[in-house]
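> Please find work.tsv (TSV, C-alpha atoms) on the next line:
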```
chain	number	residue	atom	x	y	z
A	1	MET	CA	103.67	91.75	110.86
A	2	ASP	CA	105.28	89.00	108.85
A	3	PRO	CA	106.69	86.63	111.51
A	4	GLU	CA	109.98	86.27	109.66
A	5	LEU	CA	110.45	90.05	109.68
A	6	GLU	CA	109.31	90.48	113.28
A	7	ALA	CA	112.21	88.37	114.53
A	8	PHE	CA	114.63	91.01	113.21
A	9	VAL	CA	112.97	94.09	114.71
A	10	PRO	CA	115.14	94.10	117.89
A	11	LEU	CA	118.26	94.34	115.71
A	12	PHE	CA	117.25	97.67	114.18
A	13	PRO	CA	118.62	100.87	115.76
A	14	PRO	CA	116.14	103.21	117.46
A	15	ALA	CA	113.98	105.25	115.09
A	16	ASP	CA	115.48	108.60	116.04
A	17	LEU	CA	116.83	111.51	113.99
A	18	THR	CA	117.26	113.97	116.85
A	19	ASP	CA	121.04	113.84	116.37
A	20	PRO	CA	121.72	113.50	112.63
A	21	PHE	CA	125.41	112.80	113.11
A	22	THR	CA	124.84	109.85	115.47
A	23	ALA	CA	122.09	108.59	113.16
A	24	ARG	CA	124.48	108.65	110.20
A	25	LYS	CA	127.01	106.57	112.09
A	26	SER	CA	124.38	103.98	113.07
A	27	PHE	CA	123.05	103.88	109.51
A	28	ALA	CA	126.52	103.31	108.09
A	29	GLU	CA	127.21	100.53	110.62
A	30	LEU	CA	123.91	98.85	109.73
A	31	ALA	CA	124.66	99.00	106.00
A	32	ALA	CA	128.16	97.60	106.58
A	33	ARG	CA	126.64	94.48	108.17
A	34	MET	CA	124.63	93.67	105.05
A	35	PRO	CA	125.79	90.65	103.01
A	36	ALA	CA	128.14	91.67	100.21
A	37	PRO	CA	126.44	91.68	96.80
A	38	ASP	CA	127.74	89.67	93.85
A	39	THR	CA	129.34	92.20	91.52
A	40	SER	CA	131.15	89.78	89.25
A	41	GLY	CA	128.80	90.53	86.35
A	42	MET	CA	129.35	94.27	86.27
A	43	GLU	CA	131.90	97.06	86.24
A	44	ILE	CA	131.82	99.56	89.12
A	45	GLU	CA	133.31	103.03	88.88
A	46	ASP	CA	133.32	106.06	91.17
A	47	ARG	CA	132.97	109.33	89.28
A	48	THR	CA	132.33	113.00	89.96
A	49	VAL	CA	129.61	114.82	88.03
A	50	ALA	CA	130.54	118.41	87.31
A	51	ALA	CA	127.92	120.66	88.91
A	52	ASP	CA	127.76	123.46	91.49
A	53	PRO	CA	129.03	121.83	93.65
A	54	ASP	CA	130.26	118.61	92.04
A	55	VAL	CA	128.28	115.45	92.83
A	56	PRO	CA	129.87	112.06	93.62
A	57	VAL	CA	128.30	109.07	91.90
A	58	ARG	CA	128.99	105.35	91.77
A	59	ILE	CA	128.21	103.72	88.45
A	60	TYR	CA	127.29	100.04	88.13
A	61	ARG	CA	127.53	98.74	84.56
A	62	PRO	CA	126.17	95.24	83.92
A	63	HIS	CA	127.28	93.66	80.67
A	64	LEU	CA	125.05	94.44	77.66
A	65	ALA	CA	123.02	97.05	79.55
A	66	GLN	CA	120.52	98.93	77.38
A	67	GLY	CA	119.13	101.49	79.81
A	68	ALA	CA	120.07	103.35	82.96
A	69	ILE	CA	118.54	104.59	86.19
A	70	VAL	CA	119.54	107.57	88.30
A	71	TRP	CA	119.22	106.00	91.74
A	72	LEU	CA	118.73	107.94	94.98
A	73	HIS	CA	119.40	106.38	98.36
A	74	GLY	CA	117.15	106.57	101.40
A	75	GLY	CA	117.97	107.95	104.82
A	76	GLY	CA	115.43	110.65	105.61
A	77	PHE	CA	117.35	113.30	103.63
A	78	VAL	CA	119.87	113.13	106.51
A	79	MET	CA	121.71	109.80	106.22
A	80	GLY	CA	123.33	107.69	103.54
A	81	ASP	CA	125.80	107.92	100.67
A	82	VAL	CA	127.07	105.77	97.81
A	83	ASP	CA	128.78	103.43	100.29
A	84	THR	CA	125.69	102.72	102.40
A	85	GLU	CA	123.67	102.26	99.21
A	86	HIS	CA	126.17	99.87	97.65
A	87	PRO	CA	124.38	96.60	98.58
A	88	TRP	CA	121.08	97.80	97.09
A	89	ALA	CA	122.48	99.58	94.03
A	90	ALA	CA	124.52	96.52	93.06
A	91	ARG	CA	121.55	94.20	93.47
A	92	LEU	CA	119.35	96.54	91.44
A	93	ALA	CA	121.93	96.58	88.63
A	94	ASP	CA	122.19	92.80	88.72
A	95	GLY	CA	118.44	92.23	88.83
A	96	SER	CA	117.53	94.77	86.16
A	97	GLY	CA	120.48	94.57	83.79
A	98	ALA	CA	120.46	98.39	83.78
A	99	VAL	CA	123.29	100.81	84.44
A	100	VAL	CA	122.69	102.19	87.94
A	101	ILE	CA	124.06	105.66	88.70
A	102	SER	CA	123.95	105.89	92.50
A	103	VAL	CA	123.97	109.54	93.61
A	104	GLY	CA	125.82	110.87	96.66
A	105	TYR	CA	123.60	113.92	97.06
A	106	ARG	CA	124.11	116.55	99.78
A	107	LEU	CA	122.46	115.86	103.12
A	108	ALA	CA	120.36	117.92	105.52
A	109	PRO	CA	120.44	119.73	107.86
A	110	GLU	CA	123.73	121.15	106.58
A	111	HIS	CA	122.27	121.31	103.08
A	112	ARG	CA	118.51	121.80	103.04
A	113	PHE	CA	116.10	121.78	100.11
A	114	PRO	CA	116.76	122.21	97.22
A	115	ALA	CA	120.38	120.99	97.54
A	116	ALA	CA	119.63	117.26	97.23
A	117	LEU	CA	117.20	117.86	94.37
A	118	ASP	CA	119.71	120.05	92.55
A	119	ASP	CA	122.32	117.30	92.86
A	120	ALA	CA	119.95	114.62	91.63
A	121	TYR	CA	118.79	116.71	88.69
A	122	ALA	CA	122.38	117.53	87.72
A	123	VAL	CA	123.11	113.79	87.58
A	124	LEU	CA	120.02	113.19	85.42
A	125	GLU	CA	121.23	115.82	82.95
A	126	TRP	CA	124.74	114.35	83.02
A	127	THR	CA	123.39	110.84	82.40
A	128	ALA	CA	121.39	112.00	79.39
A	129	GLU	CA	124.39	113.90	77.99
A	130	HIS	CA	126.76	110.95	78.54
A	131	ALA	CA	124.45	108.14	77.44
A	132	ALA	CA	126.77	107.11	74.63
A	133	GLU	CA	129.73	106.97	77.00
A	134	LEU	CA	127.67	104.88	79.41
A	135	GLY	CA	126.66	102.59	76.56
A	136	VAL	CA	122.92	103.12	76.99
A	137	ASP	CA	120.02	104.37	74.90
A	138	PRO	CA	119.26	108.01	75.89
A	139	GLU	CA	115.56	107.16	75.51
A	140	ARG	CA	115.87	104.49	78.21
A	141	ILE	CA	116.74	106.51	81.32
A	142	ALA	CA	114.74	106.09	84.52
A	143	VAL	CA	114.80	107.69	87.96
A	144	GLY	CA	114.16	105.93	91.24
A	145	GLY	CA	114.97	105.52	94.89
A	146	HIS	CA	114.07	104.30	98.34
A	147	SER	CA	112.24	106.36	100.97
A	148	ALA	CA	113.54	109.95	100.88
A	149	GLY	CA	115.33	108.97	97.68
A	150	GLY	CA	112.01	107.89	96.20
A	151	GLY	CA	110.59	111.31	97.01
A	152	LEU	CA	113.60	112.95	95.39
A	153	ALA	CA	113.10	110.79	92.28
A	154	ALA	CA	109.46	111.89	92.05
A	155	ALA	CA	110.60	115.52	92.41
A	156	VAL	CA	113.21	115.05	89.67
A	157	ALA	CA	110.45	113.77	87.37
A	158	LEU	CA	108.32	116.84	88.15
A	159	ARG	CA	111.21	119.23	87.52
A	160	ALA	CA	112.19	117.50	84.27
A	161	ARG	CA	108.60	117.76	83.03
A	162	ASP	CA	108.27	121.42	83.99
A	163	ARG	CA	111.66	122.44	82.57
A	164	GLN	CA	111.29	120.26	79.49
A	165	GLY	CA	114.47	118.58	80.62
A	166	PRO	CA	115.84	115.12	79.83
A	167	ALA	CA	113.26	112.51	78.87
A	168	ILE	CA	112.56	110.09	81.73
A	169	ARG	CA	111.32	106.65	80.74
A	170	PHE	CA	110.13	105.46	84.16
A	171	GLN	CA	109.87	106.23	87.89
A	172	LEU	CA	110.78	103.44	90.34
A	173	LEU	CA	109.49	104.67	93.71
A	174	ASN	CA	110.02	102.38	96.69
A	175	GLN	CA	108.22	103.57	99.86
A	176	PRO	CA	108.82	107.19	98.81
A	177	GLY	CA	108.59	110.17	101.14
A	178	LEU	CA	106.22	112.52	99.32
A	179	ASP	CA	104.27	114.65	101.80
A	180	ASP	CA	105.62	116.87	104.59
A	181	ARG	CA	102.15	117.53	106.06
A	182	LEU	CA	101.91	114.13	107.82
A	183	GLU	CA	98.11	114.28	107.70
A	184	THR	CA	97.29	110.81	106.37
A	185	TRP	CA	95.99	108.04	108.64
A	186	SER	CA	99.27	106.09	108.45
A	187	ALA	CA	101.39	109.20	109.14
A	188	ARG	CA	99.26	110.10	112.17
A	189	ASN	CA	98.90	106.64	113.67
A	190	PHE	CA	102.18	104.78	113.06
A	191	THR	CA	104.03	106.17	116.08
A	192	ASP	CA	105.91	103.02	117.11
A	193	THR	CA	106.60	101.14	113.88
A	194	PRO	CA	110.12	99.73	113.28
A	195	TRP	CA	112.83	101.86	111.66
A	196	LEU	CA	110.47	104.68	110.58
A	197	ASN	CA	107.69	106.16	112.68
A	198	ARG	CA	105.85	109.48	112.83
A	199	GLY	CA	108.43	111.14	115.08
A	200	LYS	CA	111.39	110.18	112.92
A	201	LEU	CA	109.54	111.20	109.77
A	202	ALA	CA	108.65	114.60	111.22
A	203	ALA	CA	112.30	115.12	112.21
A	204	ALA	CA	113.45	114.21	108.70
A	205	TRP	CA	111.17	116.80	107.12
A	206	ARG	CA	112.30	119.44	109.64
A	207	HIS	CA	115.93	118.77	108.81
A	208	TYR	CA	115.19	118.95	105.07
A	209	LEU	CA	112.88	121.96	105.01
A	210	GLY	CA	113.92	123.87	108.14
A	211	ASP	CA	112.32	124.22	111.54
A	212	THR	CA	109.22	126.08	110.41
A	213	PRO	CA	105.95	124.10	110.40
A	214	ALA	CA	104.56	122.75	107.14
A	215	SER	CA	103.27	125.62	105.03
A	216	PRO	CA	100.91	125.71	102.05
A	217	ALA	CA	103.78	127.41	100.22
A	218	THR	CA	106.04	124.35	100.46
A	219	SER	CA	107.29	123.57	96.98
A	220	PRO	CA	106.03	120.43	95.22
A	221	TYR	CA	109.67	119.88	94.27
A	222	ALA	CA	110.29	119.37	98.00
A	223	ALA	CA	107.12	117.39	98.71
A	224	PRO	CA	105.74	115.99	95.43
A	225	ALA	CA	102.34	115.18	96.97
A	226	ARG	CA	101.73	118.95	96.95
A	227	ALA	CA	101.87	119.10	93.14
A	228	THR	CA	98.46	120.05	91.76
A	229	ASP	CA	99.09	118.64	88.27
A	230	LEU	CA	100.58	115.17	87.80
A	231	SER	CA	99.81	114.85	84.10
A	232	GLY	CA	102.60	114.21	81.65
A	233	LEU	CA	104.82	112.41	84.15
A	234	PRO	CA	106.64	109.16	83.34
A	235	PRO	CA	105.00	105.79	84.07
A	236	ALA	CA	105.59	104.73	87.66
A	237	TYR	CA	105.99	101.78	89.96
A	238	VAL	CA	105.08	102.59	93.56
A	239	ALA	CA	105.79	100.11	96.37
A	240	THR	CA	104.42	100.58	99.88
A	241	ALA	CA	104.89	98.76	103.17
A	242	GLU	CA	101.83	98.03	105.31
A	243	LEU	CA	103.38	99.31	108.56
A	244	CYS	CA	104.96	102.48	107.19
A	245	PRO	CA	103.97	106.10	107.87
A	246	ASN	CA	104.49	106.87	104.17
A	247	ARG	CA	101.99	104.20	103.12
A	248	ASP	CA	98.83	106.25	102.61
A	249	GLU	CA	100.50	109.23	100.92
A	250	ASP	CA	102.16	106.79	98.50
A	251	ILE	CA	98.89	105.07	97.66
A	252	ALA	CA	97.18	108.45	97.23
A	253	TYR	CA	99.98	109.64	94.93
A	254	ALA	CA	99.72	106.49	92.82
A	255	LEU	CA	95.96	106.99	92.52
A	256	ARG	CA	96.41	110.64	91.53
A	257	LEU	CA	98.95	109.63	88.89
A	258	LEU	CA	96.41	107.18	87.47
A	259	GLN	CA	93.71	109.86	87.48
A	260	ALA	CA	96.11	112.14	85.60
A	261	GLY	CA	96.56	109.52	82.88
A	262	VAL	CA	99.93	108.19	84.02
A	263	PRO	CA	100.38	104.38	83.88
A	264	VAL	CA	101.07	103.07	87.39
A	265	GLU	CA	101.86	99.74	89.01
A	266	LEU	CA	101.14	99.83	92.75
A	267	HIS	CA	102.30	97.06	95.08
A	268	GLN	CA	101.30	97.15	98.73
A	269	TRP	CA	103.42	94.63	100.62
A	270	PRO	CA	101.38	93.18	103.52
A	271	GLY	CA	103.05	92.48	106.83
A	272	THR	CA	106.11	94.59	106.02
A	273	PHE	CA	107.56	97.77	107.53
A	274	HIS	CA	109.59	100.62	106.08
A	275	GLY	CA	113.01	99.41	104.98
A	276	SER	CA	112.26	95.74	105.59
A	277	GLN	CA	113.83	94.86	102.23
A	278	ALA	CA	117.15	95.29	104.06
A	279	ILE	CA	116.61	91.93	105.80
A	280	MET	CA	118.17	89.85	103.07
A	281	SER	CA	117.49	86.50	104.71
A	282	ALA	CA	113.71	87.06	104.86
A	283	GLU	CA	111.78	85.62	101.94
A	284	VAL	CA	109.49	88.64	101.56
A	285	SER	CA	112.52	90.95	101.54
A	286	GLN	CA	114.13	88.97	98.75
A	287	ARG	CA	110.89	89.22	96.77
A	288	GLN	CA	110.77	93.00	97.24
A	289	ILE	CA	114.30	93.44	95.90
A	290	ALA	CA	113.72	91.01	93.03
A	291	GLU	CA	110.54	92.83	92.01
A	292	LEU	CA	112.33	96.18	91.82
A	293	GLY	CA	114.88	94.67	89.44
A	294	ASP	CA	112.29	92.83	87.33
A	295	THR	CA	110.09	95.92	87.08
A	296	LEU	CA	112.96	98.12	85.95
A	297	ARG	CA	114.10	95.52	83.42
A	298	ARG	CA	110.64	95.42	81.85
A	299	ALA	CA	110.22	99.20	81.87
A	300	LEU	CA	113.51	99.83	80.08
A	301	ALA	CA	113.02	96.99	77.58
A	302	GLU	CA	109.58	98.00	76.33
```
Could you render the structure as structure tokens?


Amino acid sequence: MDPELEAFVPLFPPADLTDPFTARKSFAELAARMPAPDTSGMEIEDRTVAADPDVPVRIYRPHLAQGAIVWLHGGGFVMGDVDTEHPWAARLADGSGAVVISVGYRLAPEHRFPAALDDAYAVLEWTAEHAAELGVDPERIAVGGHSAGGGLAAAVALRARDRQGPAIRFQLLNQPGLDDRLETWSARNFTDTPWLNRGKLAAAWRHYLGDTPASPATSPYAAPARATDLSGLPPAYVATAELCPNRDEDIAYALRLLQAGVPVELHQWPGTFHGSQAIMSAEVSQRQIAELGDTLRRALAE
């Protein structure tokens, strides 16, 4: 592990999702301790997207933005909201120059699949319909997210392709959760890694999909790694952490995208663990966040 990151490991809460409500409280407390982002160069607005039910969003508008991204927070499908995501969404808007629409999707286990996906897709449709109001080019709309949010973003791209829905310019997938089967080497062997380990990941999928074991019938819109056809999807950036249970499924997904003819940039961050970009004072964490912004800026400018 990167020595700078290792020093912070004792500060992370236990990797446990047995009690979702306690986990949410710990997650919110952790996010509240993050350094406040500089938002002087953007407008921030809380809105509600009309859907069934309505979806809360927080919109970050940098000056002279050309494109937008529908951004989905992490938290194992169980934790997080637009408040916990505020430090990262603001930094992404600042680093990319894009309008960031941060989505407060419904959480499991109260709201299992496909609730979160339905919310995310409704916001994508709303963004495309309101591009002029947002001041962005409707041909420059991306989807993206961290962790579970990255998996949701990949699922949104699959649904948009299959439904011939809004055009998606790019997928920005940071350590995405893509496969409920937990059969890869990293998913089987990373049982004591910081923040996210096999046990916590298994609990997250149970909360999202229900208590039944993984089934071949699980929808690819729930676990995008199960999709048999990845052709025709938007170009993607996939970032993985070396000490993350999601690592191998993410690398495999990136390779399958390439084999399906989809342009992909894959960055495997050595010495890092899942969520380590949250450690703002670590140099490698700062580079991870900066790269997300730079990548999105390039993707929406081309």

> For Arg161 of chain A, which of A:Tyr221, A:Trp185, A:Phe190, A:Tyr208 is the closest residue, counting only C-alpha atoms?

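The closest residue to Arg161 of chain A is A:Tyr221.
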
> Here is a test: counting all atoms listed in the file, which residue of A:Trp126, A:Tyr253, A:Phe170, A:Trp269 is nearest to Gly67 of chain A?

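The closest residue to Gly67 of chain A is A:Phe170.
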
> Quick one: contact table of segment 189-272 of chain A to segment 92-116 of chain A, 7 Å max, nearest atom pair and distance in Å to one decimal per residue, counting only C-alpha atoms, chain and number order, as a Markdown table?


```
| residue | atom | partner | partner_atom | distance |
| --- | --- | --- | --- | --- |
| A:His207 | CA | A:Pro109 | CA | 4.7 |
| A:Tyr208 | CA | A:Arg112 | CA | 4.8 |
| A:Leu209 | CA | A:Phe113 | CA | 5.9 |
| A:Ala222 | CA | A:Phe113 | CA | 6.6 |
```

> Next, the residues of the selection above should be written as a PDB file, in the frame of the given file with C-alpha atoms.


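Below is the file result_14.pdb, written as the result:
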```pdb
ATOM      1  CA  HIS A 207     115.930 118.770 108.810  1.00  0.00           C
ATOM      2  CA  TYR A 208     115.190 118.950 105.070  1.00  0.00           C
ATOM      3  CA  LEU A 209     112.880 121.960 105.010  1.00  0.00           C
ATOM      4  CA  ALA A 222     110.290 119.370  98.000  1.00  0.00           C
TER       5      ALA A 222
END
```

> Compare A:Val55, A:Ile251, A:Leu257, A:Met1 by their minimum atom-to-atom distance to Pro235 of chain A, counting all atoms listed in the file, and give me the closest one.

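Under the stated criterion, the closest residue is A:Leu257.
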
> Identify which of the residues A:Ala236, A:Ala278, A:Met42, A:Met79 lies closest to Ser26 of chain A, counting all atoms listed in the file when measuring atom-to-atom distances.

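That would be A:Met79, the residue with the smallest distance to Ser26 of chain A.
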
> Which is closest to Ala68 of chain A among A:Glu129, A:Glu4, A:Asp54, A:Asp137, if we use only C-alpha atoms?

A:Asp137

> Do you know which residues are at most 12 Å from Leu258 of chain A counting all atoms listed in the file, after dropping those on the same chain fewer than 5 positions away, and could you put them as a list in words?

Asp229, Leu230, Ser231, Gly232, Leu233, Pro234, Pro235, Ala236, Tyr237, Val238, Ile251, Ala252, Tyr253, Pro263, Val264, Glu265 and Leu266 of chain A

> Give the answer as one residue: which of A:Leu11, A:Ala120, A:Leu300, A:Ile69 has the shortest atom-to-atom distance to Leu30 of chain A, using all atoms listed in the file?

A:Leu11

> Compile the contact shell of Gly144 of chain A as JSON, numbers by chain: residues with an atom at most 7 Å away, counting all atoms listed in the file, same-chain residues fewer than 4 positions apart removed.

{"A": [69, 70, 71, 72, 150, 153, 171, 172, 173]}

> Leaving out Ala204 of chain A and any residue of its chain fewer than 2 positions from it, which residues lie within 8 Å of it when counting only C-alpha atoms, given as a PDB file with C-alpha atoms, in the frame of the given file?


```
ATOM      1  CA  LEU A  17     116.830 111.510 113.990  1.00  0.00           C
ATOM      2  CA  GLY A  76     115.430 110.650 105.610  1.00  0.00           C
ATOM      3  CA  PHE A  77     117.350 113.300 103.630  1.00  0.00           C
ATOM      4  CA  VAL A  78     119.870 113.130 106.510  1.00  0.00           C
ATOM      5  CA  LYS A 200     111.390 110.180 112.920  1.00  0.00           C
ATOM      6  CA  LEU A 201     109.540 111.200 109.770  1.00  0.00           C
ATOM      7  CA  ALA A 202     108.650 114.600 111.220  1.00  0.00           C
ATOM      8  CA  ARG A 206     112.300 119.440 109.640  1.00  0.00           C
ATOM      9  CA  HIS A 207     115.930 118.770 108.810  1.00  0.00           C
ATOM     10  CA  TYR A 208     115.190 118.950 105.070  1.00  0.00           C
TER      11      TYR A 208
END
```

> What is the distance between atom CA of Ala254 of chain A and atom CA of Pro220 of chain A, in Å to one decimal?

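Straight-line distance from atom CA of Ala254 of chain A to atom CA of Pro220 of chain A works out to 15.5 Å.
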
> Skipping near chain neighbours, those fewer than 2 positions away, what residues fall within 7 Å of segment 243-247 of chain A using only C-alpha atoms, listed as a list in words?

Gln175, Pro176, Gly177, Ser186, Ala187, Phe190, Thr193, Leu196, Asn197, Arg198, Thr240, Ala241, Glu249, Asp250, Ile251, Thr272, Phe273 and His274 of chain A

> Can you tell me how far atom CA of Tyr121 of chain A sits from atom CA of Phe27 of chain A, in Å to one decimal?

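Separation between atom CA of Tyr121 of chain A and atom CA of Phe27 of chain A: 24.8 Å.
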
> Quick one: residues within 9 Å of segment 37-39 of chain A, all atoms listed in the file, excluding same-chain residues fewer than 2 positions away - as a PyMOL selection string?

chain A and resi 34-35+41-44+60+62+86-88+90-91+94

> Would you mind reading off the distance between atom CA of Asp2 of chain A and atom CA of Ser147 of chain A, one decimal, in Å?

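If I compute the distance from atom CA of Asp2 of chain A to atom CA of Ser147 of chain A, I get 20.3 Å.
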
> List as a short mmCIF file (atom, residue, chain, number, x, y, z; two decimals) with C-alpha atoms, keeping the file's coordinate frame the residues having at least one atom at most 7 Å from position (113.7, 95.5, 98.2) as given in the file, counting only C-alpha atoms.


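Here's the written file out.cif:
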```cif
data_model
loop_
_atom_site.label_atom_id
_atom_site.label_comp_id
_atom_site.auth_asym_id
_atom_site.auth_seq_id
_atom_site.Cartn_x
_atom_site.Cartn_y
_atom_site.Cartn_z
CA GLN A 277 113.83 94.86 102.23
CA ALA A 278 117.15 95.29 104.06
CA SER A 285 112.52 90.95 101.54
CA GLN A 286 114.13 88.97 98.75
CA GLN A 288 110.77 93.00 97.24
CA ILE A 289 114.30 93.44 95.90
CA ALA A 290 113.72 91.01 93.03
CA LEU A 292 112.33 96.18 91.82
#
```
